[in-house]
Structure formats: C-alpha cells, structure tokens
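Listing of start-v4.pdb, PDB, C-alpha atoms, pLDDT in the B column
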```pdb
ATOM      1  CA  LEU A 163       0.000   0.000   0.000  1.00 73.00           C
ATOM      2  CA  THR A 164       2.860   2.369   0.767  1.00 75.00           C
ATOM      3  CA  LEU A 165       4.494   1.939  -2.634  1.00 80.00           C
ATOM      4  CA  VAL A 166       1.229   2.237  -4.545  1.00 83.00           C
ATOM      5  CA  GLY A 167       0.262   5.265  -2.445  1.00 82.00           C
ATOM      6  CA  ARG A 168       3.597   6.986  -2.994  1.00 84.00           C
ATOM      7  CA  ILE A 169       3.548   6.361  -6.736  1.00 87.00           C
ATOM      8  CA  SER A 170      -0.036   7.552  -7.159  1.00 88.00           C
ATOM      9  CA  SER A 171       0.631  10.574  -4.958  1.00 87.00           C
ATOM     10  CA  ALA A 172       3.687  11.491  -7.046  1.00 87.00           C
ATOM     11  CA  MET A 173       1.703  11.031 -10.270  1.00 91.00           C
ATOM     12  CA  PHE A 174      -1.131  13.274  -9.083  1.00 91.00           C
ATOM     13  CA  ASP A 175       1.345  15.926  -7.945  1.00 91.00           C
ATOM     14  CA  THR A 176       3.084  15.775 -11.322  1.00 91.00           C
ATOM     15  CA  GLY A 177      -0.341  16.219 -12.898  1.00 94.00           C
ATOM     16  CA  THR A 178      -0.828  19.303 -10.736  1.00 94.00           C
ATOM     17  CA  VAL A 179       2.403  20.784 -12.124  1.00 94.00           C
ATOM     18  CA  VAL A 180       1.083  20.241 -15.665  1.00 96.00           C
ATOM     19  CA  ILE A 181      -2.306  21.772 -14.846  1.00 96.00           C
ATOM     20  CA  VAL A 182      -0.638  24.795 -13.195  1.00 95.00           C
ATOM     21  CA  TYR A 183       1.325  25.278 -16.412  1.00 97.00           C
ATOM     22  CA  PHE A 184      -1.769  25.137 -18.626  1.00 96.00           C
ATOM     23  CA  LEU A 185      -3.757  27.348 -16.244  1.00 95.00           C
ATOM     24  CA  ALA A 186      -1.068  30.020 -16.188  1.00 95.00           C
ATOM     25  CA  ARG A 187      -0.601  29.780 -19.959  1.00 94.00           C
ATOM     26  CA  ARG A 188      -4.315  30.321 -20.509  1.00 93.00           C
ATOM     27  CA  LEU A 189      -4.361  33.351 -18.209  1.00 92.00           C
ATOM     28  CA  PHE A 190      -0.960  34.873 -19.010  1.00 93.00           C
ATOM     29  CA  GLU A 191       1.840  33.939 -21.385  1.00 90.00           C
ATOM     30  CA  ASN A 192       4.218  31.020 -21.826  1.00 92.00           C
ATOM     31  CA  ASN A 193       7.051  32.479 -19.693  1.00 93.00           C
ATOM     32  CA  VAL A 194       4.726  33.054 -16.764  1.00 93.00           C
ATOM     33  CA  ALA A 195       3.349  29.528 -17.166  1.00 94.00           C
ATOM     34  CA  LEU A 196       6.823  28.004 -17.032  1.00 94.00           C
ATOM     35  CA  LEU A 197       7.653  30.092 -13.981  1.00 94.00           C
ATOM     36  CA  ALA A 198       4.428  29.125 -12.181  1.00 93.00           C
ATOM     37  CA  ALA A 199       4.904  25.416 -12.886  1.00 93.00           C
ATOM     38  CA  SER A 200       8.518  25.643 -11.752  1.00 93.00           C
ATOM     39  CA  PHE A 201       7.569  27.388  -8.529  1.00 93.00           C
ATOM     40  CA  TYR A 202       5.014  24.728  -7.721  1.00 91.00           C
ATOM     41  CA  ALA A 203       7.314  21.855  -8.697  1.00 91.00           C
ATOM     42  CA  LEU A 204      10.111  23.197  -6.500  1.00 91.00           C
ATOM     43  CA  SER A 205       7.965  24.039  -3.480  1.00 89.00           C
ATOM     44  CA  VAL A 206       8.983  22.129  -0.374  1.00 86.00           C
ATOM     45  CA  SER A 207       5.442  21.251   0.671  1.00 84.00           C
ATOM     46  CA  ALA A 208       4.572  19.743  -2.712  1.00 82.00           C
ATOM     47  CA  ILE A 209       7.756  17.680  -2.772  1.00 81.00           C
ATOM     48  CA  GLN A 210       7.225  16.398   0.759  1.00 83.00           C
ATOM     49  CA  LEU A 211       3.548  15.547   0.244  1.00 80.00           C
ATOM     50  CA  SER A 212       4.180  13.775  -3.044  1.00 79.00           C
ATOM     51  CA  HIS A 213       6.955  11.730  -1.441  1.00 78.00           C
ATOM     52  CA  PHE A 214       4.622  10.410   1.230  1.00 80.00           C
ATOM     53  CA  PHE A 215       1.147   8.970   0.807  1.00 81.00           C
ATOM     54  CA  ALA A 216      -0.973  12.013   1.725  1.00 80.00           C
ATOM     55  CA  VAL A 217      -4.439  13.016   0.565  1.00 83.00           C
ATOM     56  CA  ASP A 218      -3.355  16.606  -0.020  1.00 87.00           C
ATOM     57  CA  THR A 219      -1.795  15.825  -3.389  1.00 88.00           C
ATOM     58  CA  PHE A 220      -5.036  14.315  -4.670  1.00 90.00           C
ATOM     59  CA  SER A 221      -7.088  17.222  -3.325  1.00 90.00           C
ATOM     60  CA  THR A 222      -4.691  19.783  -4.811  1.00 90.00           C
ATOM     61  CA  PHE A 223      -4.856  18.075  -8.191  1.00 94.00           C
ATOM     62  CA  TRP A 224      -8.656  18.106  -8.309  1.00 93.00           C
ATOM     63  CA  VAL A 225      -8.963  21.676  -6.981  1.00 92.00           C
ATOM     64  CA  THR A 226      -6.451  22.903  -9.565  1.00 93.00           C
ATOM     65  CA  MET A 227      -8.301  20.963 -12.250  1.00 94.00           C
ATOM     66  CA  ALA A 228     -11.570  22.580 -11.148  1.00 92.00           C
ATOM     67  CA  LEU A 229      -9.999  26.043 -11.352  1.00 90.00           C
ATOM     68  CA  TYR A 230      -8.668  25.283 -14.823  1.00 94.00           C
ATOM     69  CA  ILE A 231     -12.070  24.063 -16.015  1.00 91.00           C
ATOM     70  CA  LEU A 232     -13.713  27.134 -14.464  1.00 87.00           C
ATOM     71  CA  VAL A 233     -11.328  29.455 -16.331  1.00 87.00           C
ATOM     72  CA  ILE A 234     -12.100  27.681 -19.604  1.00 89.00           C
ATOM     73  CA  PHE A 235     -15.805  27.843 -18.747  1.00 84.00           C
ATOM     74  CA  THR A 236     -15.689  31.611 -18.192  1.00 79.00           C
ATOM     75  CA  GLN A 237     -13.944  32.117 -21.531  1.00 81.00           C
ATOM     76  CA  ARG A 238     -16.077  29.709 -23.588  1.00 83.00           C
ATOM     77  CA  PRO A 239     -19.107  28.376 -21.677  1.00 79.00           C
ATOM     78  CA  HIS A 240     -20.332  24.960 -22.730  1.00 81.00           C
ATOM     79  CA  PHE A 241     -22.541  22.345 -21.102  1.00 85.00           C
ATOM     80  CA  TYR A 242     -19.923  19.596 -20.994  1.00 89.00           C
ATOM     81  CA  LEU A 243     -17.608  21.907 -19.026  1.00 87.00           C
ATOM     82  CA  SER A 244     -20.223  22.269 -16.281  1.00 86.00           C
ATOM     83  CA  ILE A 245     -20.333  18.468 -16.015  1.00 90.00           C
ATOM     84  CA  LEU A 246     -16.523  18.238 -15.919  1.00 91.00           C
ATOM     85  CA  LEU A 247     -16.460  20.984 -13.297  1.00 89.00           C
ATOM     86  CA  GLY A 248     -18.932  19.027 -11.194  1.00 89.00           C
ATOM     87  CA  ILE A 249     -16.811  15.891 -11.457  1.00 92.00           C
ATOM     88  CA  ALA A 250     -13.608  17.735 -10.535  1.00 92.00           C
ATOM     89  CA  VAL A 251     -15.178  19.452  -7.513  1.00 90.00           C
ATOM     90  CA  GLY A 252     -16.843  16.197  -6.427  1.00 90.00           C
ATOM     91  CA  MET A 253     -13.521  14.381  -6.636  1.00 92.00           C
ATOM     92  CA  ALA A 254     -11.800  17.169  -4.686  1.00 91.00           C
ATOM     93  CA  LEU A 255     -14.460  17.004  -1.978  1.00 89.00           C
ATOM     94  CA  SER A 256     -14.234  13.232  -1.774  1.00 89.00           C
ATOM     95  CA  SER A 257     -10.466  13.347  -1.367  1.00 87.00           C
ATOM     96  CA  LYS A 258     -10.489  16.058   1.320  1.00 85.00           C
ATOM     97  CA  LEU A 259     -13.528  17.872   2.671  1.00 83.00           C
ATOM     98  CA  SER A 260     -11.673  21.175   3.089  1.00 82.00           C
ATOM     99  CA  ALA A 261     -11.850  21.472  -0.701  1.00 82.00           C
ATOM    100  CA  VAL A 262     -15.319  22.903  -0.118  1.00 83.00           C
ATOM    101  CA  LEU A 263     -13.573  26.276  -0.330  1.00 83.00           C
ATOM    102  CA  ILE A 264     -13.505  25.912  -4.140  1.00 81.00           C
ATOM    103  CA  LEU A 265     -17.302  26.185  -4.317  1.00 80.00           C
ATOM    104  CA  PRO A 266     -17.527  30.009  -3.992  1.00 78.00           C
ATOM    105  CA  PHE A 267     -15.520  30.449  -7.205  1.00 75.00           C
ATOM    106  CA  GLY A 268     -18.130  28.581  -9.225  1.00 69.00           C
ATOM    107  CA  LEU A 269     -20.959  30.301  -7.401  1.00 71.00           C
ATOM    108  CA  LEU A 270     -19.512  33.733  -8.154  1.00 71.00           C
ATOM    109  CA  HIS A 271     -19.650  33.011 -11.868  1.00 66.00           C
ATOM    110  CA  VAL A 272     -23.288  31.929 -11.655  1.00 68.00           C
ATOM    111  CA  LEU A 273     -24.155  34.905  -9.415  1.00 70.00           C
ATOM    112  CA  TRP A 274     -22.627  37.304 -11.934  1.00 66.00           C
ATOM    113  CA  HIS A 275     -25.085  36.086 -14.559  1.00 64.00           C
ATOM    114  CA  ILE A 276     -27.983  36.264 -12.098  1.00 67.00           C
ATOM    115  CA  ARG A 277     -26.991  39.869 -11.289  1.00 68.00           C
ATOM    116  CA  CYS A 278     -27.041  40.663 -14.983  1.00 66.00           C
ATOM    117  CA  LEU A 279     -30.484  39.088 -15.175  1.00 65.00           C
ATOM    118  CA  TYR A 280     -32.204  40.601 -12.135  1.00 68.00           C
ATOM    119  CA  VAL A 281     -30.240  43.717 -11.102  1.00 66.00           C
ATOM    120  CA  ASP A 282     -29.221  45.179 -14.446  1.00 63.00           C
ATOM    121  CA  ARG A 283     -32.392  43.889 -16.123  1.00 65.00           C
ATOM    122  CA  ASP A 284     -30.510  43.652 -19.387  1.00 65.00           C
ATOM    123  CA  PRO A 285     -32.696  41.723 -21.879  1.00 68.00           C
ATOM    124  CA  THR A 286     -29.611  40.397 -23.676  1.00 68.00           C
ATOM    125  CA  CYS A 287     -28.591  38.596 -20.466  1.00 67.00           C
ATOM    126  CA  TRP A 288     -31.773  36.529 -20.190  1.00 67.00           C
ATOM    127  CA  PRO A 289     -30.812  33.560 -22.398  1.00 70.00           C
ATOM    128  CA  VAL A 290     -27.262  33.400 -21.053  1.00 69.00           C
ATOM    129  CA  ALA A 291     -28.275  33.798 -17.402  1.00 70.00           C
ATOM    130  CA  LYS A 292     -30.969  31.148 -17.603  1.00 74.00           C
ATOM    131  CA  ARG A 293     -28.563  28.769 -19.292  1.00 77.00           C
ATOM    132  CA  MET A 294     -25.888  29.450 -16.645  1.00 76.00           C
ATOM    133  CA  LEU A 295     -28.392  28.874 -13.867  1.00 76.00           C
ATOM    134  CA  ILE A 296     -29.426  25.522 -15.349  1.00 81.00           C
ATOM    135  CA  TRP A 297     -25.808  24.532 -15.939  1.00 81.00           C
ATOM    136  CA  GLY A 298     -24.973  25.549 -12.352  1.00 80.00           C
ATOM    137  CA  LEU A 299     -27.728  23.295 -11.049  1.00 83.00           C
ATOM    138  CA  VAL A 300     -26.413  20.464 -13.230  1.00 86.00           C
ATOM    139  CA  SER A 301     -22.928  21.031 -11.789  1.00 85.00           C
ATOM    140  CA  ILE A 302     -24.291  20.884  -8.238  1.00 84.00           C
ATOM    141  CA  PHE A 303     -26.082  17.618  -9.017  1.00 88.00           C
ATOM    142  CA  VAL A 304     -22.920  16.147 -10.553  1.00 90.00           C
ATOM    143  CA  ILE A 305     -20.903  17.272  -7.494  1.00 87.00           C
ATOM    144  CA  LEU A 306     -23.345  15.520  -5.154  1.00 86.00           C
ATOM    145  CA  LEU A 307     -23.490  12.377  -7.290  1.00 88.00           C
ATOM    146  CA  THR A 308     -19.696  12.181  -7.648  1.00 89.00           C
ATOM    147  CA  PHE A 309     -19.197  12.701  -3.920  1.00 87.00           C
ATOM    148  CA  ARG A 310     -21.826  10.057  -3.166  1.00 86.00           C
ATOM    149  CA  VAL A 311     -20.238   7.460  -5.458  1.00 86.00           C
ATOM    150  CA  ILE A 312     -16.570   8.142  -4.631  1.00 85.00           C
ATOM    151  CA  GLN A 313     -17.004   8.650  -0.854  1.00 83.00           C
ATOM    152  CA  PRO A 314     -19.695   6.139   0.165  1.00 79.00           C
ATOM    153  CA  TYR A 315     -18.560   5.985   3.808  1.00 79.00           C
ATOM    154  CA  ALA A 316     -19.820   9.522   4.409  1.00 78.00           C
ATOM    155  CA  PHE A 317     -23.405   8.339   4.018  1.00 76.00           C
ATOM    156  CA  ALA A 318     -25.585   6.091   6.156  1.00 74.00           C
ATOM    157  CA  GLY A 319     -27.212   3.892   3.526  1.00 72.00           C
ATOM    158  CA  SER A 320     -25.810   1.834   0.701  1.00 72.00           C
ATOM    159  CA  ASN A 321     -28.300   3.145  -1.863  1.00 71.00           C
ATOM    160  CA  VAL A 322     -26.750   5.667  -4.268  1.00 68.00           C
ATOM    161  CA  LEU A 323     -29.823   7.899  -4.008  1.00 70.00           C
ATOM    162  CA  ASP A 324     -29.766   7.863  -0.176  1.00 70.00           C
ATOM    163  CA  PHE A 325     -28.036  11.095   0.919  1.00 71.00           C
ATOM    164  CA  ARG A 326     -28.428  10.670   4.699  1.00 72.00           C
ATOM    165  CA  LEU A 327     -25.078  11.420   6.329  1.00 73.00           C
ATOM    166  CA  SER A 328     -23.360   8.796   8.432  1.00 71.00           C
TER     167      SER A 328
END
```

Show me the file's structure as structure tokens.
Amino acid sequence: LTLVGRISSAMFDTGTVVIVYFLARRLFENNVALLAASFYALSVSAIQLSHFFAVDTFSTFWVTMALYILVIFTQRPHFYLSILLGIAVGMALSSKLSAVLILPFGLLHVLWHIRCLYVDRDPTCWPVAKRMLIWGLVSIFVILLTFRVIQPYAFAGSNVLDFRLS
C-alpha cells in the first residue's frame, strides 16, 4: 500500500504541475506559465507531500483541475464543461472535505449572470443567465453524485440515491 500510495501521490502531484502550467498559460503567457509550474514543482510542501502517501496531493490536483475548467468555462461556456467541473469538484471534496472552499468560485460566476439578469435587467442577459443557472444546477447535481459514489462511507445507507449522512 505504501508503494502504490507513494507512486499515485507522485503522479497526481506531477499532474498538478502540468495543470498549473496550462492554467497560467491560458491566463498569461508562456514564460509566466513556465515560472508558475517551476515554482510549484520546486515548493517544499509539494515535494514532501508527493513523497509520502498524503491526501493533499489528490485534493490539490482536483482543486487545480476545477480552477482550470472554471477558467475555460468563463472564456467559452459549454454544457460539458459544467459536467466536468462538477466531477472535478466532487472528486476534490471526496479526497479532502476542506476542498469545499472551491465552491464560492463557481458560485460567483453563476451569481454574476444572475446579477445581470435581475439587477441590471438587461434583456440580452436573459438567455445566457438562464442557461448558466441551469448549468450551475447540473454542476451541483454532478458534485453531489460524484461525492456520493466516490465517498460512500460519508453516508448512512448503501443506496446511491440515499443522501443521509453517516
């Protein structure tokens, strides 16, 4: 278990370095992306956690993946990205519950469209805001379903549709 845990932890942390690179490249330029990936790869905490079998590397991978998907979603919204975002956040929550702090970032994006819909009362926002609201609800459902399937010990019953906490 120790060897498998160490190898999988190192692989997930290496994946985090790659995602940090692509996230920084999407937001900035290639030089900044290389610098960001290098800073993360050389950080003492990341090296120590990937050397040992710790859940933080898995949680960091899925949170970084969720941020990357959210950035892509804000630039080019699509329905499949809301499903992928739900899976990434659900996996992050199932690996470590403190990953719940990623949820406000997704909610802020949905709330921005709701503000455009109800506060600004801009008629051009109506189709986009309604679509974002529906996609946000789909993401929440996918988060709950992913968490329920991946972390079954958090719930009392064995039925997938039973959401009573243990």

Open item on the list: Could you list, as an MDAnalysis selection string, every residue within 8 Å of Ser244 (chain A), counting all atoms listed in the file and ignoring same-chain residues fewer than 6 positions away?
Closed with: chainID A and resid 235 297:298 300:301

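Separating CA of Val182 (chain A) from CA of Ala199 (chain A) is a distance of 5.6 Å.
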
On this structure, the PyMOL selection byres ((chain A and resi 234) around 12) would catch which residues? List them as a PDB file with C-alpha atoms, in the frame of the given file, sorted by chain and number.
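Below is the file part_33.pdb, written as the result:
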```
ATOM      1  CA  PHE A 184      -1.769  25.137 -18.626  1.00 96.00           C
ATOM      2  CA  LEU A 185      -3.757  27.348 -16.244  1.00 95.00           C
ATOM      3  CA  ALA A 186      -1.068  30.020 -16.188  1.00 95.00           C
ATOM      4  CA  ARG A 187      -0.601  29.780 -19.959  1.00 94.00           C
ATOM      5  CA  ARG A 188      -4.315  30.321 -20.509  1.00 93.00           C
ATOM      6  CA  LEU A 189      -4.361  33.351 -18.209  1.00 92.00           C
ATOM      7  CA  MET A 227      -8.301  20.963 -12.250  1.00 94.00           C
ATOM      8  CA  ALA A 228     -11.570  22.580 -11.148  1.00 92.00           C
ATOM      9  CA  LEU A 229      -9.999  26.043 -11.352  1.00 90.00           C
ATOM     10  CA  TYR A 230      -8.668  25.283 -14.823  1.00 94.00           C
ATOM     11  CA  ILE A 231     -12.070  24.063 -16.015  1.00 91.00           C
ATOM     12  CA  LEU A 232     -13.713  27.134 -14.464  1.00 87.00           C
ATOM     13  CA  VAL A 233     -11.328  29.455 -16.331  1.00 87.00           C
ATOM     14  CA  PHE A 235     -15.805  27.843 -18.747  1.00 84.00           C
ATOM     15  CA  THR A 236     -15.689  31.611 -18.192  1.00 79.00           C
ATOM     16  CA  GLN A 237     -13.944  32.117 -21.531  1.00 81.00           C
ATOM     17  CA  ARG A 238     -16.077  29.709 -23.588  1.00 83.00           C
ATOM     18  CA  PRO A 239     -19.107  28.376 -21.677  1.00 79.00           C
ATOM     19  CA  HIS A 240     -20.332  24.960 -22.730  1.00 81.00           C
ATOM     20  CA  PHE A 241     -22.541  22.345 -21.102  1.00 85.00           C
ATOM     21  CA  TYR A 242     -19.923  19.596 -20.994  1.00 89.00           C
ATOM     22  CA  LEU A 243     -17.608  21.907 -19.026  1.00 87.00           C
ATOM     23  CA  SER A 244     -20.223  22.269 -16.281  1.00 86.00           C
ATOM     24  CA  LEU A 246     -16.523  18.238 -15.919  1.00 91.00           C
ATOM     25  CA  LEU A 247     -16.460  20.984 -13.297  1.00 89.00           C
TER      26      LEU A 247
END
```

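Using only C-alpha atoms, the contacts of Lys258 (chain A) at a cut-off of 9 Å, with sequence neighbours closer than 4 positions omitted, comprise Val217, Asp218, Phe220, Ser221, Met253, Ala254 and Val262 of chain A.
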
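Shortest atom-to-atom contact with Leu306 (chain A) among A:Ser207, A:Ser256, A:Ser171, A:Thr164: A:Ser256, counting only C-alpha atoms.
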
Task: Separation of CA of Ile296 (chain A) from CA of Thr222 (chain A), in Å and rounded to one decimal - done: 27.5 Å

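Using only C-alpha atoms, the nearest neighbour of Ala216 (chain A) within the list A:Ala172, A:Val251, A:Ile245, A:Leu259 is A:Ala172.
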
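Counting from CA of Val179 (chain A), the distance to CA of Ala203 (chain A) is 6.1 Å.
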
Task: Which of A:Leu270, A:Leu204, A:Val311, A:Ile181 sits closest to Leu323 (chain A) [using all atoms listed in the file] - done: A:Val311

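Minimum distance to Ile312 (chain A) across A:Thr226, A:Phe214, A:Ile249, A:Leu196 (counting all atoms listed in the file) occurs at A:Ile249.
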
TODO: Kindly provide, as a ChimeraX atom specification, the polymer residues lying within 12 Å of (0.9, 9.0, -3.9), counting only C-alpha atoms and using the coordinates exactly as they appear in the file.
DONE: /A:163-177,208-221,223

TODO: Step by step, work through what the PyMOL selection byres ((chain A and resi 318) around 6) selects in the shown file, and finish by giving those residues as a PyMOL selection string.
DONE: chain A and resi 317+319+326-328

Go ahead and dump the residues you just picked, C-alpha atoms, as a PDB file, in the coordinates of the input.
```pdb
ATOM      1  CA  PHE A 317     -23.405   8.339   4.018  1.00 76.00           C
ATOM      2  CA  GLY A 319     -27.212   3.892   3.526  1.00 72.00           C
ATOM      3  CA  ARG A 326     -28.428  10.670   4.699  1.00 72.00           C
ATOM      4  CA  LEU A 327     -25.078  11.420   6.329  1.00 73.00           C
ATOM      5  CA  SER A 328     -23.360   8.796   8.432  1.00 71.00           C
TER       6      SER A 328
END
```

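If only C-alpha atoms are the atoms counted, then among A:Ile264, A:Ala198, A:Leu255, A:Leu269 the closest residue to Gln313 (chain A) is A:Leu255.
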
For region 211-227 of chain A, what centre and edge lengths in Å (one decimal) does the axis-aligned box get once 4 Å is added on each side of all its listed atoms, as JSON?
```
{"center_x": -1.0, "center_y": 15.9, "center_z": -5.3, "size_x": 23.9, "size_y": 21.9, "size_z": 22.0}
```

Would you fill out region 259-270 of chain A with all heavy atoms and return it as a PDB file, keeping the file's coordinate frame?
```pdb
ATOM      1  N   LEU A 259     -12.324  17.056   2.532  1.00 83.00           N
ATOM      2  CA  LEU A 259     -13.528  17.872   2.671  1.00 83.00           C
ATOM      3  C   LEU A 259     -13.231  19.367   2.729  1.00 83.00           C
ATOM      4  O   LEU A 259     -14.100  20.185   2.441  1.00 83.00           O
ATOM      5  CB  LEU A 259     -14.313  17.436   3.906  1.00 83.00           C
ATOM      6  CG  LEU A 259     -15.779  17.813   3.931  1.00 83.00           C
ATOM      7  CD1 LEU A 259     -16.501  17.280   2.714  1.00 83.00           C
ATOM      8  CD2 LEU A 259     -16.431  17.315   5.191  1.00 83.00           C
ATOM      9  N   SER A 260     -12.006  19.752   3.063  1.00 82.00           N
ATOM     10  CA  SER A 260     -11.673  21.175   3.089  1.00 82.00           C
ATOM     11  C   SER A 260     -11.645  21.780   1.690  1.00 82.00           C
ATOM     12  O   SER A 260     -11.538  22.995   1.542  1.00 82.00           O
ATOM     13  CB  SER A 260     -10.324  21.397   3.779  1.00 82.00           C
ATOM     14  OG  SER A 260      -9.293  20.796   3.029  1.00 82.00           O
ATOM     15  N   ALA A 261     -11.775  20.963   0.666  1.00 82.00           N
ATOM     16  CA  ALA A 261     -11.850  21.472  -0.701  1.00 82.00           C
ATOM     17  C   ALA A 261     -13.173  22.167  -0.968  1.00 82.00           C
ATOM     18  O   ALA A 261     -13.390  22.686  -2.060  1.00 82.00           O
ATOM     19  CB  ALA A 261     -11.637  20.341  -1.693  1.00 82.00           C
ATOM     20  N   VAL A 262     -14.041  22.202   0.022  1.00 83.00           N
ATOM     21  CA  VAL A 262     -15.319  22.903  -0.118  1.00 83.00           C
ATOM     22  C   VAL A 262     -15.086  24.391  -0.390  1.00 83.00           C
ATOM     23  O   VAL A 262     -15.962  25.077  -0.909  1.00 83.00           O
ATOM     24  CB  VAL A 262     -16.203  22.665   1.127  1.00 83.00           C
ATOM     25  CG1 VAL A 262     -15.713  23.445   2.316  1.00 83.00           C
ATOM     26  CG2 VAL A 262     -17.654  22.977   0.842  1.00 83.00           C
ATOM     27  N   LEU A 263     -13.896  24.868  -0.099  1.00 83.00           N
ATOM     28  CA  LEU A 263     -13.573  26.276  -0.330  1.00 83.00           C
ATOM     29  C   LEU A 263     -13.484  26.629  -1.808  1.00 83.00           C
ATOM     30  O   LEU A 263     -13.410  27.807  -2.155  1.00 83.00           O
ATOM     31  CB  LEU A 263     -12.268  26.634   0.384  1.00 83.00           C
ATOM     32  CG  LEU A 263     -12.317  26.503   1.901  1.00 83.00           C
ATOM     33  CD1 LEU A 263     -10.940  26.717   2.499  1.00 83.00           C
ATOM     34  CD2 LEU A 263     -13.321  27.475   2.488  1.00 83.00           C
ATOM     35  N   ILE A 264     -13.504  25.643  -2.701  1.00 81.00           N
ATOM     36  CA  ILE A 264     -13.505  25.912  -4.140  1.00 81.00           C
ATOM     37  C   ILE A 264     -14.897  26.301  -4.625  1.00 81.00           C
ATOM     38  O   ILE A 264     -15.044  26.950  -5.658  1.00 81.00           O
ATOM     39  CB  ILE A 264     -12.962  24.697  -4.926  1.00 81.00           C
ATOM     40  CG1 ILE A 264     -12.692  25.039  -6.402  1.00 81.00           C
ATOM     41  CG2 ILE A 264     -13.896  23.531  -4.879  1.00 81.00           C
ATOM     42  CD1 ILE A 264     -11.557  25.932  -6.607  1.00 81.00           C
ATOM     43  N   LEU A 265     -15.925  25.937  -3.879  1.00 80.00           N
ATOM     44  CA  LEU A 265     -17.302  26.185  -4.317  1.00 80.00           C
ATOM     45  C   LEU A 265     -17.635  27.660  -4.549  1.00 80.00           C
ATOM     46  O   LEU A 265     -18.336  27.968  -5.506  1.00 80.00           O
ATOM     47  CB  LEU A 265     -18.282  25.567  -3.327  1.00 80.00           C
ATOM     48  CG  LEU A 265     -18.319  24.039  -3.302  1.00 80.00           C
ATOM     49  CD1 LEU A 265     -19.273  23.561  -2.223  1.00 80.00           C
ATOM     50  CD2 LEU A 265     -18.703  23.484  -4.641  1.00 80.00           C
ATOM     51  N   PRO A 266     -17.172  28.593  -3.716  1.00 78.00           N
ATOM     52  CA  PRO A 266     -17.527  30.009  -3.992  1.00 78.00           C
ATOM     53  C   PRO A 266     -17.065  30.523  -5.345  1.00 78.00           C
ATOM     54  O   PRO A 266     -17.704  31.397  -5.918  1.00 78.00           O
ATOM     55  CB  PRO A 266     -16.851  30.769  -2.861  1.00 78.00           C
ATOM     56  CG  PRO A 266     -16.752  29.798  -1.758  1.00 78.00           C
ATOM     57  CD  PRO A 266     -16.516  28.467  -2.417  1.00 78.00           C
ATOM     58  N   PHE A 267     -15.979  29.983  -5.898  1.00 75.00           N
ATOM     59  CA  PHE A 267     -15.520  30.449  -7.205  1.00 75.00           C
ATOM     60  C   PHE A 267     -16.536  30.122  -8.297  1.00 75.00           C
ATOM     61  O   PHE A 267     -16.811  30.943  -9.165  1.00 75.00           O
ATOM     62  CB  PHE A 267     -14.158  29.834  -7.542  1.00 75.00           C
ATOM     63  CG  PHE A 267     -13.048  30.370  -6.705  1.00 75.00           C
ATOM     64  CD1 PHE A 267     -12.515  29.613  -5.685  1.00 75.00           C
ATOM     65  CD2 PHE A 267     -12.548  31.641  -6.923  1.00 75.00           C
ATOM     66  CE1 PHE A 267     -11.493  30.100  -4.903  1.00 75.00           C
ATOM     67  CE2 PHE A 267     -11.536  32.150  -6.152  1.00 75.00           C
ATOM     68  CZ  PHE A 267     -11.006  31.372  -5.135  1.00 75.00           C
ATOM     69  N   GLY A 268     -17.092  28.945  -8.263  1.00 69.00           N
ATOM     70  CA  GLY A 268     -18.130  28.581  -9.225  1.00 69.00           C
ATOM     71  C   GLY A 268     -19.413  29.341  -8.992  1.00 69.00           C
ATOM     72  O   GLY A 268     -20.093  29.756  -9.928  1.00 69.00           O
ATOM     73  N   LEU A 269     -19.738  29.565  -7.721  1.00 71.00           N
ATOM     74  CA  LEU A 269     -20.959  30.301  -7.401  1.00 71.00           C
ATOM     75  C   LEU A 269     -20.863  31.754  -7.821  1.00 71.00           C
ATOM     76  O   LEU A 269     -21.857  32.350  -8.239  1.00 71.00           O
ATOM     77  CB  LEU A 269     -21.261  30.196  -5.912  1.00 71.00           C
ATOM     78  CG  LEU A 269     -21.696  28.827  -5.414  1.00 71.00           C
ATOM     79  CD1 LEU A 269     -21.855  28.841  -3.911  1.00 71.00           C
ATOM     80  CD2 LEU A 269     -22.977  28.389  -6.084  1.00 71.00           C
ATOM     81  N   LEU A 270     -19.670  32.339  -7.737  1.00 71.00           N
ATOM     82  CA  LEU A 270     -19.512  33.733  -8.154  1.00 71.00           C
ATOM     83  C   LEU A 270     -19.799  33.900  -9.639  1.00 71.00           C
ATOM     84  O   LEU A 270     -20.390  34.892 -10.052  1.00 71.00           O
ATOM     85  CB  LEU A 270     -18.100  34.229  -7.827  1.00 71.00           C
ATOM     86  CG  LEU A 270     -17.833  34.532  -6.371  1.00 71.00           C
ATOM     87  CD1 LEU A 270     -16.363  34.895  -6.176  1.00 71.00           C
ATOM     88  CD2 LEU A 270     -18.715  35.655  -5.875  1.00 71.00           C
TER      89      LEU A 270
END
```
